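File shown here: protein.txt, holding compact mmCIF, C-alpha atoms.
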```
# COMPACT_ATOMS: atom_id res chain seq x y z
CA GLY O 20 -255.70 11.96 36.69
CA ALA O 21 -251.88 11.90 37.02
CA VAL O 22 -251.67 9.23 39.69
CA VAL O 23 -248.37 7.63 40.58
CA SER O 24 -248.14 4.59 42.81
CA GLN O 25 -245.23 3.03 44.65
CA HIS O 26 -244.80 -0.42 46.06
CA PRO O 27 -244.06 -1.34 48.75
CA SER O 28 -244.98 1.55 51.01
CA ARG O 29 -242.72 0.25 53.77
CA VAL O 30 -239.98 -2.32 53.83
CA ILE O 31 -237.68 -3.61 56.54
CA CYS O 32 -234.71 -5.68 55.50
CA LYS O 33 -231.49 -7.06 56.88
CA SER O 34 -228.16 -5.49 56.08
CA GLY O 35 -226.64 -6.96 52.93
CA THR O 36 -229.88 -7.81 51.18
CA SER O 37 -231.32 -6.13 48.11
CA VAL O 38 -234.63 -4.31 47.97
CA LYS O 39 -236.68 -3.46 44.89
CA ILE O 40 -239.10 -0.53 44.81
CA GLU O 41 -241.61 -0.13 42.01
CA CYS O 42 -242.98 3.13 40.66
CA ARG O 43 -245.96 3.12 38.33
CA SER O 44 -247.82 5.85 36.49
CA LEU O 45 -251.41 4.63 36.58
CA ASP O 46 -253.24 6.85 34.13
CA PHE O 47 -250.61 8.37 31.89
CA GLN O 48 -247.47 7.38 30.06
CA ALA O 49 -244.35 8.65 31.79
CA THR O 50 -241.55 9.43 29.38
CA THR O 51 -239.36 10.36 32.31
CA MET O 52 -239.33 9.17 35.88
CA PHE O 53 -237.23 10.49 38.72
CA TRP O 54 -236.05 8.96 41.98
CA TYR O 55 -235.58 11.08 45.09
CA ARG O 56 -234.45 10.35 48.62
CA GLN O 57 -235.51 12.26 51.71
CA PHE O 58 -233.94 12.03 55.14
CA PRO O 59 -235.89 13.23 58.22
CA LYS O 60 -236.47 16.98 58.25
CA GLN O 61 -234.48 17.36 55.04
CA SER O 62 -235.46 18.28 51.52
CA LEU O 63 -235.94 15.79 48.73
CA MET O 64 -232.68 15.04 46.97
CA LEU O 65 -232.70 13.94 43.36
CA MET O 66 -230.90 10.64 42.92
CA ALA O 67 -231.40 9.84 39.27
CA THR O 68 -233.38 10.52 36.13
CA SER O 69 -234.79 7.60 34.19
CA ASN O 70 -235.98 7.69 30.59
CA GLU O 71 -237.87 4.77 29.15
CA GLY O 72 -235.62 2.42 27.24
CA SER O 73 -232.35 4.10 28.11
CA LYS O 74 -229.85 4.12 30.95
CA ALA O 75 -230.56 6.25 33.98
CA THR O 76 -228.63 9.44 34.63
CA TYR O 77 -227.34 9.61 38.18
CA GLU O 78 -226.69 12.72 40.22
CA GLN O 79 -223.21 13.36 41.53
CA GLY O 80 -222.44 11.26 44.58
CA VAL O 81 -225.07 8.60 43.88
CA GLU O 82 -223.57 5.17 43.23
CA LYS O 83 -225.11 3.68 40.12
CA ASP O 84 -224.02 0.16 41.05
CA LYS O 85 -225.73 0.45 44.39
CA PHE O 86 -228.95 2.03 43.19
CA LEU O 87 -229.99 0.14 40.07
CA ILE O 88 -232.72 1.77 38.04
CA ASN O 89 -234.72 0.11 35.29
CA HIS O 90 -237.34 1.92 33.22
CA ALA O 91 -238.59 -0.89 31.05
CA SER O 92 -241.91 0.61 30.02
CA LEU O 93 -243.67 3.95 29.87
CA THR O 94 -245.53 3.18 33.07
CA LEU O 95 -242.99 1.39 35.25
CA SER O 96 -239.63 2.23 36.76
CA THR O 97 -237.88 0.22 39.44
CA LEU O 98 -235.18 1.15 41.94
CA THR O 99 -233.16 -1.66 43.45
CA VAL O 100 -231.04 -0.90 46.49
CA THR O 101 -228.33 -3.53 46.35
CA SER O 102 -226.48 -4.79 49.41
CA ALA O 103 -228.41 -2.40 51.61
CA HIS O 104 -226.81 -0.97 54.73
CA PRO O 105 -228.35 0.93 57.67
CA GLU O 106 -227.22 4.25 56.18
CA ASP O 107 -229.46 3.52 53.18
CA SER O 108 -232.49 3.75 55.46
CA SER O 109 -234.53 6.63 54.11
CA PHE O 110 -237.75 7.69 52.42
CA TYR O 111 -237.56 6.98 48.69
CA ILE O 112 -239.95 8.85 46.44
CA CYS O 113 -240.45 8.56 42.70
CA SER O 114 -242.04 11.03 40.36
CA ALA O 115 -243.20 10.83 36.79
CA ARG O 116 -243.66 13.28 33.99
CA GLY O 117 -245.31 12.83 30.63
CA GLY O 118 -248.35 13.66 28.63
CA TRP O 119 -249.71 17.10 29.17
CA GLY O 120 -247.87 19.84 31.09
CA TRP O 121 -244.45 18.30 30.84
CA GLU O 122 -242.91 20.61 33.44
CA THR O 123 -245.01 19.19 36.25
CA GLN O 124 -243.88 16.10 38.09
CA TYR O 125 -246.37 13.89 39.86
CA PHE O 126 -245.06 12.11 42.90
CA GLY O 127 -245.71 8.71 44.33
CA PRO O 128 -246.60 8.23 48.00
CA GLY O 129 -243.05 7.17 48.88
CA THR O 130 -241.42 4.04 50.26
CA ARG O 131 -239.99 3.94 53.75
CA LEU O 132 -236.91 1.71 53.84
CA LEU O 133 -235.43 0.55 57.11
CA VAL O 134 -232.26 -1.51 56.98
CA LEU O 135 -231.41 -3.33 60.18
CA SER Q 27 -223.50 26.73 43.96
CA GLN Q 28 -227.24 26.67 43.42
CA LYS Q 29 -229.26 27.27 46.54
CA ILE Q 30 -232.92 27.48 47.50
CA GLU Q 31 -233.97 28.98 50.82
CA GLN Q 32 -237.39 28.90 52.37
CA ASN Q 33 -238.23 31.41 55.04
CA SER Q 34 -238.49 29.33 58.19
CA GLU Q 35 -238.88 25.84 59.43
CA ALA Q 36 -242.18 26.53 61.15
CA LEU Q 37 -244.80 29.22 60.63
CA ASN Q 38 -247.77 29.56 62.97
CA ILE Q 39 -250.82 31.34 61.57
CA GLN Q 40 -254.25 31.85 63.07
CA GLU Q 41 -257.15 30.30 61.21
CA GLY Q 42 -258.75 32.68 58.74
CA LYS Q 43 -255.63 34.76 58.23
CA THR Q 44 -253.40 34.76 55.15
CA ALA Q 45 -250.27 32.67 55.32
CA THR Q 46 -247.32 33.89 53.27
CA LEU Q 47 -244.35 31.65 52.58
CA THR Q 48 -241.13 32.78 50.95
CA CYS Q 49 -238.76 31.03 48.57
CA ASN Q 50 -235.47 32.66 47.63
CA TYR Q 51 -232.94 31.23 45.24
CA THR Q 52 -229.42 31.99 44.11
CA ASN Q 53 -227.36 30.96 41.11
CA TYR Q 54 -230.39 29.84 39.13
CA SER Q 55 -232.11 31.08 36.03
CA PRO Q 56 -235.20 28.91 36.23
CA ALA Q 57 -237.73 28.78 33.46
CA TYR Q 58 -240.39 27.98 36.06
CA LEU Q 59 -240.89 27.47 39.76
CA GLN Q 60 -243.22 25.02 41.45
CA TRP Q 61 -244.86 24.74 44.84
CA TYR Q 62 -245.75 21.44 46.43
CA ARG Q 63 -247.46 20.38 49.63
CA GLN Q 64 -246.08 17.49 51.65
CA ASP Q 65 -247.81 15.81 54.57
CA PRO Q 66 -245.84 13.65 57.03
CA GLY Q 67 -244.79 10.33 55.55
CA ARG Q 68 -246.25 11.15 52.15
CA GLY Q 69 -244.95 12.20 48.76
CA PRO Q 70 -245.26 15.82 47.61
CA VAL Q 71 -248.49 16.94 45.97
CA PHE Q 72 -248.27 19.47 43.15
CA LEU Q 73 -250.01 22.78 43.81
CA LEU Q 74 -248.93 25.46 41.36
CA LEU Q 75 -246.38 26.15 38.64
CA ILE Q 76 -245.39 29.66 37.61
CA ARG Q 77 -243.24 30.48 34.62
CA GLU Q 78 -240.50 33.08 34.43
CA ASN Q 79 -242.63 35.38 32.28
CA GLU Q 80 -245.56 35.24 34.73
CA LYS Q 81 -245.78 37.58 37.68
CA GLU Q 82 -248.64 35.95 39.48
CA LYS Q 83 -250.78 32.85 39.38
CA ARG Q 84 -253.88 31.93 41.37
CA LYS Q 85 -255.75 28.75 42.13
CA GLU Q 86 -258.70 28.93 44.51
CA ARG Q 87 -257.28 30.19 47.84
CA LEU Q 88 -253.68 29.95 46.63
CA LYS Q 89 -251.62 32.66 45.03
CA VAL Q 90 -248.02 32.53 43.85
CA THR Q 91 -245.84 35.42 42.74
CA PHE Q 92 -242.51 35.17 40.95
CA ASP Q 93 -239.96 37.98 40.86
CA THR Q 94 -236.98 36.94 38.74
CA THR Q 95 -235.16 40.19 39.57
CA LEU Q 96 -235.34 39.57 43.31
CA LYS Q 97 -235.00 35.81 42.70
CA GLN Q 98 -237.96 35.24 44.95
CA SER Q 99 -241.34 33.58 44.97
CA LEU Q 100 -244.09 34.20 47.50
CA PHE Q 101 -246.79 31.64 48.19
CA HIS Q 102 -250.01 32.84 49.81
CA ILE Q 103 -252.88 30.89 51.32
CA THR Q 104 -255.86 33.10 52.02
CA ALA Q 105 -258.59 32.29 54.55
CA SER Q 106 -256.31 29.64 56.00
CA GLN Q 107 -257.78 26.53 57.59
CA PRO Q 108 -256.32 23.94 59.97
CA ALA Q 109 -256.42 21.46 57.07
CA ASP Q 110 -253.83 23.65 55.32
CA SER Q 111 -251.29 22.65 57.96
CA ALA Q 112 -248.45 20.86 56.16
CA THR Q 113 -244.96 21.40 54.83
CA TYR Q 114 -244.80 23.48 51.68
CA LEU Q 115 -241.92 22.94 49.30
CA CYS Q 116 -240.54 25.26 46.67
CA ALA Q 117 -238.87 23.55 43.71
CA LEU Q 118 -236.87 24.64 40.69
CA ASP Q 119 -235.69 22.70 37.67
CA SER Q 120 -232.23 21.43 38.42
CA GLN Q 121 -230.50 23.11 35.55
CA SER Q 122 -230.71 26.61 34.20
CA GLY Q 123 -232.92 27.29 31.24
CA GLY Q 124 -235.82 24.98 32.02
CA GLY Q 125 -234.52 21.75 30.64
CA ALA Q 126 -236.39 18.50 31.15
CA ASP Q 127 -234.68 17.62 34.40
CA GLY Q 128 -235.36 16.65 37.96
CA LEU Q 129 -236.29 19.22 40.52
CA THR Q 130 -234.23 20.79 43.26
CA PHE Q 131 -236.27 21.37 46.37
CA GLY Q 132 -235.97 23.76 49.25
CA LYS Q 133 -236.15 22.30 52.77
CA GLY Q 134 -239.72 23.42 53.06
CA THR Q 135 -241.70 25.57 55.45
CA HIS Q 136 -243.79 23.80 58.05
CA LEU Q 137 -247.07 25.70 58.25
CA ILE Q 138 -249.32 25.33 61.26
CA ILE Q 139 -252.79 26.85 61.14
CA GLN Q 140 -254.17 27.23 64.64
CA PRO Q 141 -257.92 27.12 65.22
```

Could you write out this file's structure as structure tokens?
Amino acid sequence: GAVVSQHPSRVICKSGTSVKIECRSLDFQATTMFWYRQFPKQSLMLMATSNEGSKATYEQGVEKDKFLINHASLTLSTLTVTSAHPEDSSFYICSARGGWGWETQYFGPGTRLLVL
Amino acid sequence: SQKIEQNSEALNIQEGKTATLTCNYTNYSPAYLQWYRQDPGRGPVFLLLIRENEKEKRKERLKVTFDTTLKQSLFHITASQPADSATYLCALDSQSGGGADGLTFGKGTHLIIQP
């Protein structure tokens, strides 16, 4: 149980385009989903917290107009990187929490974004 | 500011020995602390959670201790195996008091178990 999927696993795009990443909880309802970013040899950095049916809460320094988050259902959250630039290239990981053991977050496999 | 430190970037241990990883934190009052395993190019995998009122927790070959006075957690892998080689991350809830928030992670300790 507690499986979280992400799609796509890898994406390469041109500078200026937008990229959407999906995060799904497959076998539980996720009241809260989180989006993290990880640069090489660095720790995961929380970008935003997403609650189903409400606006996302962004961490300090994360541009909400650049990283659009939608949590339309209890099993799906999406992150859209708008007008992507090479510095947005990173490993994006979502996590979900819900159901039993609310403190534990279950992570997706991550999405590698490369902006050319 | 809140800070999480993990003991080293790489730890080499001989197969069969016990690996001990350290997580120290400052300016936190966490309600719980979590340990995750991360393999290259993959998302973290949850291993253990220990609450502030728990001193020790075990799961198979894993053991975690939590000393809120020292502000330290130790993570032990007994009878280590090459398959245990990975990066191990310590994580705390982002705000004091154990609210329902995202996690703050340490940089992780890269563990290498040598056959």

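The shortest atom-to-atom distance to Q:Gly69, with only C-alpha atoms taken into account, belongs to O:Ser24 out of O:Ser24, O:Thr36, O:Thr94, O:Asn70.
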
Task: Interface, chain O side, toward chain Q (10 Å; all atoms listed in the file) as a VMD selection string - done: chain O and resid 23 28 51 to 55 57 59 to 69 78 110 to 116 120 to 131

TODO: Kindly extract all protein, DNA and RNA residues lying within 9 Å of the coordinates (-258.6, 31.6, 62.3) given in the file, considering all atoms listed in the file, and supply them as a list in words.
DONE: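 Returned residue set, sorted by chain then number, is Ile39, Gln40, Glu41, Gly42, Lys43, Ala105, Ser106, Gln107, Pro108, Ile139, Gln140 and Pro141 of chain Q.
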
TODO: To one decimal in Å, tell me the separation between atom CA of O:Ser34 and atom CA of O:Lys74.
DONE: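 Atom-to-atom, atom CA of O:Ser34 to atom CA of O:Lys74, that is 27.0 Å.
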
Open item on the list: Ranking O:Glu82, O:Leu132, O:Val100, O:Asp107 by minimum distance to O:Ser37 and counting only C-alpha atoms, which one comes first?
Closed with: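 Counting only C-alpha atoms, the residue closest to O:Ser37 is O:Val100.
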